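Colleague: Please see the structure below; I have some questions.
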Amino acid sequence: MSRCIELAKKGLGDVAPNPLVGAVLVYKDKIIGEGYHKVFGKEHAEVNAVKDAITRNPHIPLDECTLYINLEPCSHFGKTPPCTDLIKFHNIKKVVVACEDPFEKVRGNGIKILRESGIEVLTDVLKEEALELNKRFITFHTKKRPYIILKYAQSKDNFLAPEFPTKENRRISNEYSGRLVHRWRSEEQALMVGTNTALTDDPALTLRYWPGKQALRIVLDRKLRLPKELQLFNQSCSTLVFNELKDEKVGKLEFVKIDFNKGITESICNTLYSMSIQSLIIEGGQKLLQTFIDSNQWDEARVFTSDKFIEKGTKSPKISAQLISSEFIDNDLLEIYSPAMD
């Protein structure tokens with residue numbers, strides 16, 4: 001099962017809104033075939049594992065094998081046929097599953113179908129690791145919103161930016177941390193900033209220092225006061241503008257009207273859920289980050305703390321959180337948090 005999870009991770013950034021899935025076929029305690037879901041809309045992990053086994057070990061009967069998979073096999077027709085049909089077709093005698101699929105069209109039905117077909121099914125093997133792997137997919141289907149990551153860099157004295165930010169002094173984290181952020185961007189479906197951040201920093205929110213799939217860019221611009229010259233409006237990739245004035249699409253730029261007076265985080269989450277956006281990184285600024293923190297609409301915070309002192313400026317968000325991990329990225333301290341346990 002550890003190998004399944006290892007394989008599944010390779011699909012991060014390419015398979016959403018599908019889950020990350022790896023599969024391994026075992027014959028007499030030896031792996032004879034393996035595969036993972038590589039691209040959304042293409043073959044699932046089980047299909048690739050079976051193909052690999054048949055290609056590399058055509059002499060081994062699949063009906064004497066055990067299939068390991070980190071997520072319950074699908075049982076419905078989507079862009080591909082049900083994987084339960086594939087398993088039954090090859091008469092695979094035993095299936096080991098890490099966790100149940102929360103998607104309403106599956107949700108235990110895949111396991112039920114296999115068992116009713118006489119296939120032995122074991123569940124909950126490395127369940128916690130499997131749940132962590134597919135935290136985006138699971139959050140989307142259980143909480144009906146994207147998995148939300150807060151990302152920000154702060155000075156050693158807890159400031160996000162100096163009082164008078166310039167191009168020279170506004171960068172807090174180091175070059176290596178910046179490259180890591182670009183890797184993170186390649187792994188998620190959407191990136192968002194607030195009005196002041198867009199105006200002050202003029203971020204591109206693109207992948208300049210890491211290969212991968214460009215995420216949807218999102219900016220809040222309540223009164224549509226941001227200048228059209230900003231990089232976010234350069235039509236280089238799909239960009240969403242949440243505002244209170246209009247719904248309109250112009251090229252790769254889409255304006256979406258929401259209610260800013262009540263439940264703004266809920267409005268944003270509902271809209272992104274309707275678009276099948278399963279994960280979102282909020283990259284600032286302070287007001288936007290604090291709004292999501294105060295509404296308890298977040299799942300993970302990634303905080304860089306540099307060795308610089310600012311002394312006066314925009315303070316960091318106030319957050320009640322549980323430290324999950326910490327490490328140094330050169331002279332930056334990176335800490336990962338989850339919401340504090342009640």
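A note on labels: chains of the structure tokens are A, B, ... as shown, every chain counts residues from 1, and ligands are counted from 1 in their shown order.
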Fewer than 2 positions away in the same chain doesn't count, so skip those; otherwise give me all residues within 7 Å of region 108-123 of chain A, counting only C-alpha atoms, as a list in words.
Modeller: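 Listing them by chain and then by number gives Glu72, Pro73, Cys74, Ser75, Thr84, Lys93, Lys94, Val95, Val96, Val97, Ala98, Cys99, Glu100, Asp101, Val106 and Val125 of chain A.
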Colleague: If you run DSSP over the backbone, which residues in region 47-228 of chain A end up strand (DSSP E)? Put them as a short mmCIF file (atom, residue, chain, number, x, y, z; two decimals) with N, CA and C atoms, in the first residue's frame.
Modeller:
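See selection_0.cif below for the written result:
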```cif
data_model
loop_
_atom_site.label_atom_id
_atom_site.label_comp_id
_atom_site.auth_asym_id
_atom_site.auth_seq_id
_atom_site.Cartn_x
_atom_site.Cartn_y
_atom_site.Cartn_z
N THR A 66 -3.47 -10.28 -6.06
CA THR A 66 -4.13 -9.34 -5.15
C THR A 66 -3.88 -7.92 -5.66
N LEU A 67 -4.93 -7.14 -5.73
CA LEU A 67 -4.83 -5.75 -6.16
C LEU A 67 -4.83 -4.84 -4.94
N TYR A 68 -3.82 -4.02 -4.81
CA TYR A 68 -3.75 -3.01 -3.76
C TYR A 68 -4.05 -1.65 -4.39
N ILE A 69 -4.90 -0.87 -3.72
CA ILE A 69 -5.26 0.45 -4.25
C ILE A 69 -5.58 1.39 -3.09
N LYS A 94 -8.64 -10.92 -4.88
CA LYS A 94 -8.59 -10.16 -3.63
C LYS A 94 -8.20 -8.71 -3.91
N VAL A 95 -8.88 -7.79 -3.21
CA VAL A 95 -8.59 -6.37 -3.36
C VAL A 95 -8.38 -5.76 -1.97
N VAL A 96 -7.29 -5.01 -1.83
CA VAL A 96 -6.98 -4.34 -0.56
C VAL A 96 -7.10 -2.83 -0.79
N VAL A 97 -7.96 -2.18 -0.02
CA VAL A 97 -8.29 -0.76 -0.21
C VAL A 97 -7.89 0.04 1.04
N GLU A 120 -12.84 -11.00 -2.37
CA GLU A 120 -12.47 -10.63 -1.01
C GLU A 120 -11.94 -9.21 -0.99
N VAL A 121 -12.47 -8.39 -0.11
CA VAL A 121 -12.03 -6.99 -0.02
C VAL A 121 -11.63 -6.67 1.41
N LEU A 122 -10.40 -6.21 1.58
CA LEU A 122 -9.92 -5.72 2.86
C LEU A 122 -9.84 -4.20 2.79
N TYR A 147 -10.16 22.65 -0.80
CA TYR A 147 -9.17 22.56 0.27
C TYR A 147 -8.39 23.88 0.22
N ILE A 148 -8.37 24.61 1.33
CA ILE A 148 -7.84 25.98 1.33
C ILE A 148 -6.51 26.05 2.07
N ILE A 149 -5.49 26.53 1.35
CA ILE A 149 -4.15 26.69 1.89
C ILE A 149 -3.84 28.18 2.02
N LEU A 150 -3.49 28.62 3.21
CA LEU A 150 -3.06 30.00 3.42
C LEU A 150 -1.54 30.03 3.30
N LYS A 151 -1.03 30.95 2.50
CA LYS A 151 0.42 31.05 2.32
C LYS A 151 0.86 32.49 2.51
N TYR A 152 1.83 32.70 3.39
CA TYR A 152 2.37 34.05 3.53
C TYR A 152 3.77 34.01 4.11
N ALA A 153 4.50 35.08 3.88
CA ALA A 153 5.85 35.25 4.42
C ALA A 153 5.83 36.44 5.37
N GLN A 154 6.49 36.27 6.51
CA GLN A 154 6.52 37.35 7.51
C GLN A 154 7.95 37.59 7.99
N PHE A 159 5.71 40.97 10.61
CA PHE A 159 5.11 41.89 9.65
C PHE A 159 5.09 41.22 8.27
N LEU A 160 4.02 41.51 7.52
CA LEU A 160 3.93 41.01 6.14
C LEU A 160 4.60 41.94 5.15
N ALA A 161 4.61 43.21 5.48
CA ALA A 161 5.17 44.21 4.56
C ALA A 161 5.55 45.47 5.33
N PRO A 162 6.52 46.20 4.83
CA PRO A 162 6.90 47.47 5.48
C PRO A 162 5.82 48.52 5.28
N ALA A 190 -6.14 26.53 -7.98
CA ALA A 190 -6.41 27.97 -8.03
C ALA A 190 -5.53 28.72 -7.04
N LEU A 191 -5.24 30.00 -7.38
CA LEU A 191 -4.42 30.89 -6.57
C LEU A 191 -5.17 32.21 -6.43
N MET A 192 -5.21 32.77 -5.22
CA MET A 192 -5.99 33.99 -5.03
C MET A 192 -5.24 35.04 -4.23
N VAL A 193 -5.44 36.30 -4.61
CA VAL A 193 -4.93 37.44 -3.85
C VAL A 193 -6.04 38.48 -3.71
N LEU A 216 -5.69 28.35 -12.01
CA LEU A 216 -6.59 29.48 -12.23
C LEU A 216 -6.17 30.62 -11.30
N ARG A 217 -6.01 31.82 -11.86
CA ARG A 217 -5.69 32.99 -11.05
C ARG A 217 -6.99 33.65 -10.61
N ILE A 218 -7.03 34.11 -9.35
CA ILE A 218 -8.23 34.76 -8.81
C ILE A 218 -7.81 36.03 -8.07
N VAL A 219 -8.57 37.08 -8.29
CA VAL A 219 -8.32 38.32 -7.55
C VAL A 219 -9.65 38.91 -7.09
N LEU A 220 -9.66 39.49 -5.90
CA LEU A 220 -10.83 40.21 -5.41
C LEU A 220 -10.70 41.67 -5.82
#
```
Colleague: For CA of Pro317 (chain A) and CA of Gly13 (chain A), quote the distance in Å rounded to one decimal.
Modeller: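 If I compute the distance from CA of Pro317 (chain A) to CA of Gly13 (chain A), I get 28.0 Å.
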Colleague: Env of Gly78 (chain A): 9 Å cut, atoms = only C-alpha atoms, seq-sep filter 3 positions within chain, self excluded. Answer as a PyMOL selection string.
Modeller: chain A and resi 41+81-82
Colleague: Find the residues near Val39 (chain A): any atom within 8 Å, counting only C-alpha atoms, skip ones fewer than 4 places away on the same chain, and give them as a list in words.
Modeller: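 Those residues are Gly11, Asp14, Val15 and Glu43 of chain A.
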Colleague: How would the residues just picked look written out with C-alpha atoms as a tab-separated table (two decimals), in the first residue's frame?
Modeller:
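Output saved as part.tsv:
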```tsv
chain	number	residue	atom	x	y	z
A	11	GLY	CA	-0.43	12.66	-10.36
A	14	ASP	CA	-2.52	16.76	-13.25
A	15	VAL	CA	-5.55	14.69	-12.23
A	43	GLU	CA	-7.00	5.68	-17.65
```
Colleague: Hey, what does DSSP flag as alpha helix (DSSP H) within region 7-187 of chain A? Can you give it to me as a PyMOL selection string?
Modeller: chain A and resi 7-8+45-56+83-89+109-116+127-133+135-143+175-187
Colleague: Mind running region 279-322 of chain A against region 128-134 of chain A at 12 Å and telling me each contacting residue's nearest atom pair with the distance in Å (one decimal), counting only C-alpha atoms, chain and number ascending, as a tab-separated table?
Modeller:
```
residue	atom	partner	partner_atom	distance
A:Ser279	CA	A:Asn134	CA	11.0
A:Asp299	CA	A:Glu132	CA	11.7
A:Glu300	CA	A:Glu132	CA	11.9
```
Colleague: What are the closest atom pairs, with distances in Å to one decimal, for each residue of region 82-168 of chain A lying within 12 Å of region 260-268 of chain A, using only C-alpha atoms, rows by chain and rising residue number, as a tab-separated table?
Modeller:
```
residue	atom	partner	partner_atom	distance
A:Lys143	CA	A:Glu266	CA	11.5
A:Lys144	CA	A:Glu266	CA	10.5
A:Arg145	CA	A:Glu266	CA	8.8
A:Pro146	CA	A:Ile268	CA	9.8
A:Ile148	CA	A:Thr265	CA	11.0
```
Colleague: Keeping only N, CA and C atoms, write the selected residues as a CSV table (one decimal), in the first residue's frame.
Modeller:
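Okay, again.csv is ready:
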```csv
chain,number,residue,atom,x,y,z
A,143,LYS,N,-16.9,18.7,2.6
A,143,LYS,CA,-17.3,20.0,3.0
A,143,LYS,C,-17.9,20.9,1.9
A,144,LYS,N,-17.9,20.4,0.7
A,144,LYS,CA,-18.5,21.1,-0.4
A,144,LYS,C,-17.8,22.4,-0.7
A,145,ARG,N,-16.5,22.4,-0.6
A,145,ARG,CA,-15.7,23.6,-0.9
A,145,ARG,C,-14.3,23.1,-1.2
A,146,PRO,N,-13.4,24.0,-1.7
A,146,PRO,CA,-12.0,23.6,-2.0
A,146,PRO,C,-11.2,23.4,-0.7
A,148,ILE,N,-8.4,24.6,1.3
A,148,ILE,CA,-7.8,26.0,1.3
A,148,ILE,C,-6.5,26.1,2.1
```
Colleague: Tell me, as a ChimeraX atom specification, which residues lie within 6 Å of His37 (chain A), counting only C-alpha atoms; anything in the same chain fewer than 6 positions away does not count.
Modeller: /A:21,44-45
Colleague: For the residues selected in the previous step, produce a file with C-alpha atoms as a JSON list (two decimals), in the first residue's frame.
Modeller:
```json
[["chain", "number", "residue", "atom", "x", "y", "z"],
["A", 21, "VAL", "CA", -4.72, 6.99, -7.02],
["A", 44, "HIS", "CA", -7.40, 5.10, -13.94],
["A", 45, "ALA", "CA", -4.69, 3.51, -11.78]]
```
Colleague: Fewer than 5 positions away in the same chain doesn't count, so skip those; otherwise give me all residues within 8 Å of region 177-187 of chain A, counting only C-alpha atoms, as a VMD selection string.
Modeller: chain A and resid 12 to 14 206 to 215 281 304 329 332
Colleague: Show which residues sit within 9 Å of Asp294 (chain A), as a VMD selection string. Count only C-alpha atoms, and ignore same-chain residues fewer than 5 positions away.
Modeller: chain A and resid 289 318 to 319
Colleague: Between CA of Asn174 (chain A) and CA of Ser316 (chain A), measure the distance and give it in Å to one decimal.
Modeller: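 Going from CA of Asn174 (chain A) over to CA of Ser316 (chain A), I get 17.7 Å.
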Colleague: In terms of the shortest atom-to-atom distance over only C-alpha atoms, which of A:Gln278, A:His76, A:Ile293, A:Leu126 is closest to Lys105 (chain A)?
Modeller: A:His76
Colleague: Which of these residues is nearest to Asn234 (chain A), using only C-alpha atoms: A:Gly285, A:Pro19, A:Gly251, A:Gly194?
Modeller: A:Gly251
